[in-house]
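Heads up: the structure comes next, in structure tokens.
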Amino acid sequence: VPFALIVASSGAALPLPAGAQAVIGRSDPVSNFYPDVDLNPHGALDNGVGRRHVRLLVQNGQVMVEDMDSTNGTVLNGQKLLPRQPQPLRSGDQLVAGKLLLRYQE
């Protein structure tokens, strides 16, 4: 797995799709929305993770993380991300989506 998000509470590794971008959030069968990486099995709802919470994208070979105007926000290494402002992501970075702690790994 070249890129993965590790769920801190369980140690579960969530492989990221190989494409240029991935939406991370929680699936919602009612609105028929299924993100590329579904955090539902990891307590997404209880932790305030939105359906389209955060997006990872590759720009010029650098993985970037972008908060998708989520209700409960995204924190990267202790800094709250501004919505729609992609920031570089490096291996070992801590990402908090709502209250769900993830670790990025390459």
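Starting from 1 in every chain, residues are counted up; chains themselves are A, B, ... following the order of the structure tokens, and ligands are numbered from 1 as listed.
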Those in chain A with strand (DSSP E or B) from DSSP, as a ChimeraX atom specification:
/A:4-7,13-15,21-25,28,33,37-38,54-59,62-67,74-76,79-80,87-88,94-97,100-105
Keeping only C-alpha atoms, take the residues you just selected and write them out as a CSV table (one decimal), in the first residue's frame.
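Everything below was put into again.csv:
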```csv
chain,number,residue,atom,x,y,z
A,4,ALA,CA,-2.8,4.9,3.8
A,5,LEU,CA,-4.6,6.5,6.6
A,6,ILE,CA,-4.2,4.8,9.9
A,7,VAL,CA,-7.2,5.1,12.4
A,13,ALA,CA,-5.1,0.9,7.9
A,14,LEU,CA,-7.3,2.4,5.2
A,15,PRO,CA,-5.6,2.2,1.8
A,21,GLN,CA,-7.7,12.4,-5.5
A,22,ALA,CA,-9.8,10.7,-2.8
A,23,VAL,CA,-12.8,12.0,-0.9
A,24,ILE,CA,-12.7,10.9,2.8
A,25,GLY,CA,-15.9,10.9,4.8
A,28,ASP,CA,-24.9,7.8,3.5
A,33,PHE,CA,-23.3,9.0,-1.3
A,37,VAL,CA,-12.6,6.2,1.9
A,38,ASP,CA,-15.6,5.5,4.2
A,54,VAL,CA,-11.7,16.0,3.5
A,55,ARG,CA,-10.1,15.4,0.2
A,56,LEU,CA,-6.6,14.2,-0.6
A,57,LEU,CA,-5.2,15.2,-3.9
A,58,VAL,CA,-1.9,14.9,-5.7
A,59,GLN,CA,-0.4,18.2,-7.1
A,62,GLN,CA,2.9,16.2,-3.6
A,63,VAL,CA,0.0,14.8,-1.7
A,64,MET,CA,-2.2,17.6,-0.4
A,65,VAL,CA,-5.1,17.6,2.1
A,66,GLU,CA,-8.1,19.9,1.8
A,67,ASP,CA,-11.0,20.4,4.1
A,74,THR,CA,-10.2,19.3,10.0
A,75,VAL,CA,-7.0,19.7,12.0
A,76,LEU,CA,-3.5,18.9,10.5
A,79,GLN,CA,-3.5,23.5,13.0
A,80,LYS,CA,-7.1,23.9,11.9
A,87,GLN,CA,-2.0,21.9,2.4
A,88,PRO,CA,0.9,19.5,1.9
A,94,GLN,CA,-1.7,13.7,12.2
A,95,LEU,CA,-5.1,14.5,10.7
A,96,VAL,CA,-8.2,15.0,12.9
A,97,ALA,CA,-11.5,14.9,10.9
A,100,LEU,CA,-11.5,11.2,14.6
A,101,LEU,CA,-7.7,11.0,14.8
A,102,LEU,CA,-6.0,9.6,11.7
A,103,ARG,CA,-2.3,9.3,10.8
A,104,TYR,CA,-1.1,9.6,7.2
A,105,GLN,CA,1.4,7.1,6.0
```
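Distance annotation: of A:Ser10, A:Asn72, A:Asn77, A:Ser91, the residue with the minimal separation from His42 of chain A is A:Ser10; atom set is only C-alpha atoms.
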